Amino acid sequence: MQKPVNKNASKEAAELLRYLEKTAGHGIITGQHTQTNPMEEIFYIKEVTGKTPKLRGFELLAYSPNINEKDAGEACLTEVYENRDTLKTAMKWAKESDGILTFSFHWFSPLGGRDKSFYAEHTDFDPEKVLEEGSPERKAFYHDMAVIAGYLKEFCDEGIPILWRPFHESDGTWFWWGSKGPEVARELYLLMYDYYVNEWHLDNLLWVWNCRLPEGYPGDAYVDVVSVDIYLPEYKPTDYADAYGELIKATSSDKVVALAEVGYMPDVDCLRSHIHHGHIT
């Protein structure tokens, strides 16, 4: 039985991990990312299917402490304004349902940057310098982490577990945290893990790693769930079995596995043939 990597994990976090592990290979937990308080995506799903996903994703981008609104385009400002206060919506939903929360964080660069500065092309913030003791980048990095930790602590105090997926897609260079390669992103993740677990005691977090390159993997001692984001160029029926095999080969076969973001949903008929034999979640 898989146990949380944080030895002081809350009972709610441990129970959630057990639920995920128990479901693996036997069923599918559906999820939907939301970006705004109205959660239009959820209501569309409800309208079409009569049901809502058990897992719901929320975005923390508007909670970034260093948003340069004076040098931001209309699309950026709209995204920020529409995302504000979504954690209040997340808290309300978590208390009123038996659903599962997952958080993503498109982190506007801790220093400098313009427009959507979570993109590397919009900032000269060097993530490698975060690894240097005493650097301005490191101080800004920890400042931002502390601000976000304050929001996460509210959920910890309420006993609400969170699937926490920081530094996602570090197998690419489009976000600043991946701009110097997956090894640097791995080190940033480890800094956050140590700070959040040992300093902030955010024991409600289950740690989700989101990179398909072996050189980026932080290690089994720091990861509860391995995941991958997949956007196929065009639709085809698939169970993503190939991606599953590649992911566990690059990371770990001893962890719960998840499709974190997909452009096209896995095909139910394809999945049915595998669901009693694999660990697809």
# chains A, B, ... in the order shown; residues from 1 in each chain; ligands from 1
call {"tool": "residues_around", "arguments": {"residues": "range 98-108 of chain A", "least_positions_apart": "5", "cutoff": "7 Å", "atoms": "only C-alpha atoms", "output": "ChimeraX atom specification"}}
result
/A:54-61,64,66-67,116-118,162-166
call {"tool": "closest_atom_pairs", "arguments": {"of": "range 166-192 of chain A", "to": "range 143-150 of chain A", "cutoff": "12 Å", "atoms": "only C-alpha atoms", "output": "JSON lines"}}
result
{"residue": "A:Pro166", "atom": "CA", "partner": "A:Met145", "partner_atom": "CA", "distance": 10.9}
{"residue": "A:Leu188", "atom": "CA", "partner": "A:Met145", "partner_atom": "CA", "distance": 10.9}
{"residue": "A:Tyr189", "atom": "CA", "partner": "A:Met145", "partner_atom": "CA", "distance": 11.2}
{"residue": "A:Leu191", "atom": "CA", "partner": "A:Met145", "partner_atom": "CA", "distance": 10.0}
{"residue": "A:Met192", "atom": "CA", "partner": "A:Met145", "partner_atom": "CA", "distance": 7.4}
call {"tool": "select_by_dssp", "arguments": {"residues": "range 127-270 of chain A", "states": "alpha helix (DSSP H)", "output": "MDAnalysis selection string"}}
result
chainID A and resid 136:157 182:194 241:250 268:270
call {"tool": "atom_distance", "arguments": {"atom1": "CA of Glu12 in chain A", "atom2": "CA of Pro161 in chain A"}}
result
5.9 Å
call {"tool": "residues_around", "arguments": {"residues": "range 199-208 of chain A", "least_positions_apart": "5", "cutoff": "10 Å", "atoms": "only C-alpha atoms", "output": "PyMOL selection string"}}
result
chain A and resi 4-14+16-17+102-103+146+149-150+152-168+189+192-194+222-228+256-258+260
call {"tool": "residues_around", "arguments": {"residues": "range 236-242 of chain A", "least_positions_apart": "5", "cutoff": "7 Å", "atoms": "only C-alpha atoms", "output": "CSV table (one decimal) with N, CA and C atoms, in the first residue's frame"}}
result
chain,number,residue,atom,x,y,z
A,266,PRO,N,-9.4,10.2,-22.9
A,266,PRO,CA,-9.2,8.8,-23.3
A,266,PRO,C,-10.5,8.1,-23.7
A,267,ASP,N,-10.4,7.2,-24.7
A,267,ASP,CA,-11.6,6.5,-25.2
A,267,ASP,C,-12.0,5.4,-24.2
A,270,CYS,N,-11.5,1.7,-25.5
A,270,CYS,CA,-10.1,1.4,-25.4
A,270,CYS,C,-9.7,1.1,-24.0
A,271,LEU,N,-10.1,1.9,-23.1
A,271,LEU,CA,-9.8,1.7,-21.7
A,271,LEU,C,-10.3,0.4,-21.1
call {"tool": "closest_residue", "arguments": {"among": "A:Lys249, A:His122, A:Arg114, A:Arg138", "to": "Leu77 in chain A", "atoms": "only C-alpha atoms"}}
result
A:Arg114
call {"tool": "select_by_dssp", "arguments": {"residues": "range 36-180 of chain A", "states": "strand (DSSP E)", "output": "list in words"}}
result
Leu55, Arg56, Gly57, Phe58, Glu59, Ile100, Leu101, Thr102, Phe103, Ser104, Ile162, Leu163, Trp164 and Arg165 of chain A
call {"tool": "write_last_selection", "arguments": {"atoms": "N, CA and C atoms", "output": "short mmCIF file (atom, residue, chain, number, x, y, z; two decimals), in the first residue's frame"}}
result
data_model
loop_
_atom_site.label_atom_id
_atom_site.label_comp_id
_atom_site.auth_asym_id
_atom_site.auth_seq_id
_atom_site.Cartn_x
_atom_site.Cartn_y
_atom_site.Cartn_z
N LEU A 55 -13.30 15.05 -9.58
CA LEU A 55 -12.08 15.82 -9.35
C LEU A 55 -12.22 17.17 -10.04
N ARG A 56 -11.83 18.23 -9.32
CA ARG A 56 -11.98 19.57 -9.88
C ARG A 56 -10.66 20.33 -9.70
N GLY A 57 -10.20 20.92 -10.80
CA GLY A 57 -8.94 21.65 -10.75
C GLY A 57 -9.15 23.14 -10.63
N PHE A 58 -8.30 23.79 -9.87
CA PHE A 58 -8.32 25.24 -9.70
C PHE A 58 -6.94 25.81 -9.98
N GLU A 59 -6.92 27.05 -10.42
CA GLU A 59 -5.70 27.72 -10.86
C GLU A 59 -5.33 28.85 -9.92
N ILE A 100 -12.65 15.89 -5.07
CA ILE A 100 -11.20 15.94 -4.92
C ILE A 100 -10.68 17.24 -5.53
N LEU A 101 -9.82 17.93 -4.79
CA LEU A 101 -9.24 19.19 -5.26
C LEU A 101 -7.85 18.96 -5.85
N THR A 102 -7.57 19.59 -6.98
CA THR A 102 -6.21 19.66 -7.48
C THR A 102 -5.91 21.10 -7.86
N PHE A 103 -4.70 21.56 -7.54
CA PHE A 103 -4.31 22.94 -7.82
C PHE A 103 -3.14 22.98 -8.80
N SER A 104 -3.26 23.88 -9.78
CA SER A 104 -2.17 24.21 -10.69
C SER A 104 -1.73 25.64 -10.41
N ILE A 162 -5.19 18.27 -0.87
CA ILE A 162 -5.02 18.86 -2.20
C ILE A 162 -3.98 18.06 -2.98
N LEU A 163 -4.32 17.74 -4.21
CA LEU A 163 -3.33 17.23 -5.15
C LEU A 163 -2.58 18.45 -5.70
N TRP A 164 -1.34 18.61 -5.25
CA TRP A 164 -0.57 19.82 -5.52
C TRP A 164 0.43 19.53 -6.63
N ARG A 165 0.33 20.27 -7.76
CA ARG A 165 1.12 19.97 -8.97
C ARG A 165 1.96 21.18 -9.37
#
call {"tool": "residues_around", "arguments": {"residues": "Gly112 in chain A", "least_positions_apart": "5", "cutoff": "8 Å", "atoms": "only C-alpha atoms", "output": "PyMOL selection string"}}
result
chain A and resi 66+123-125
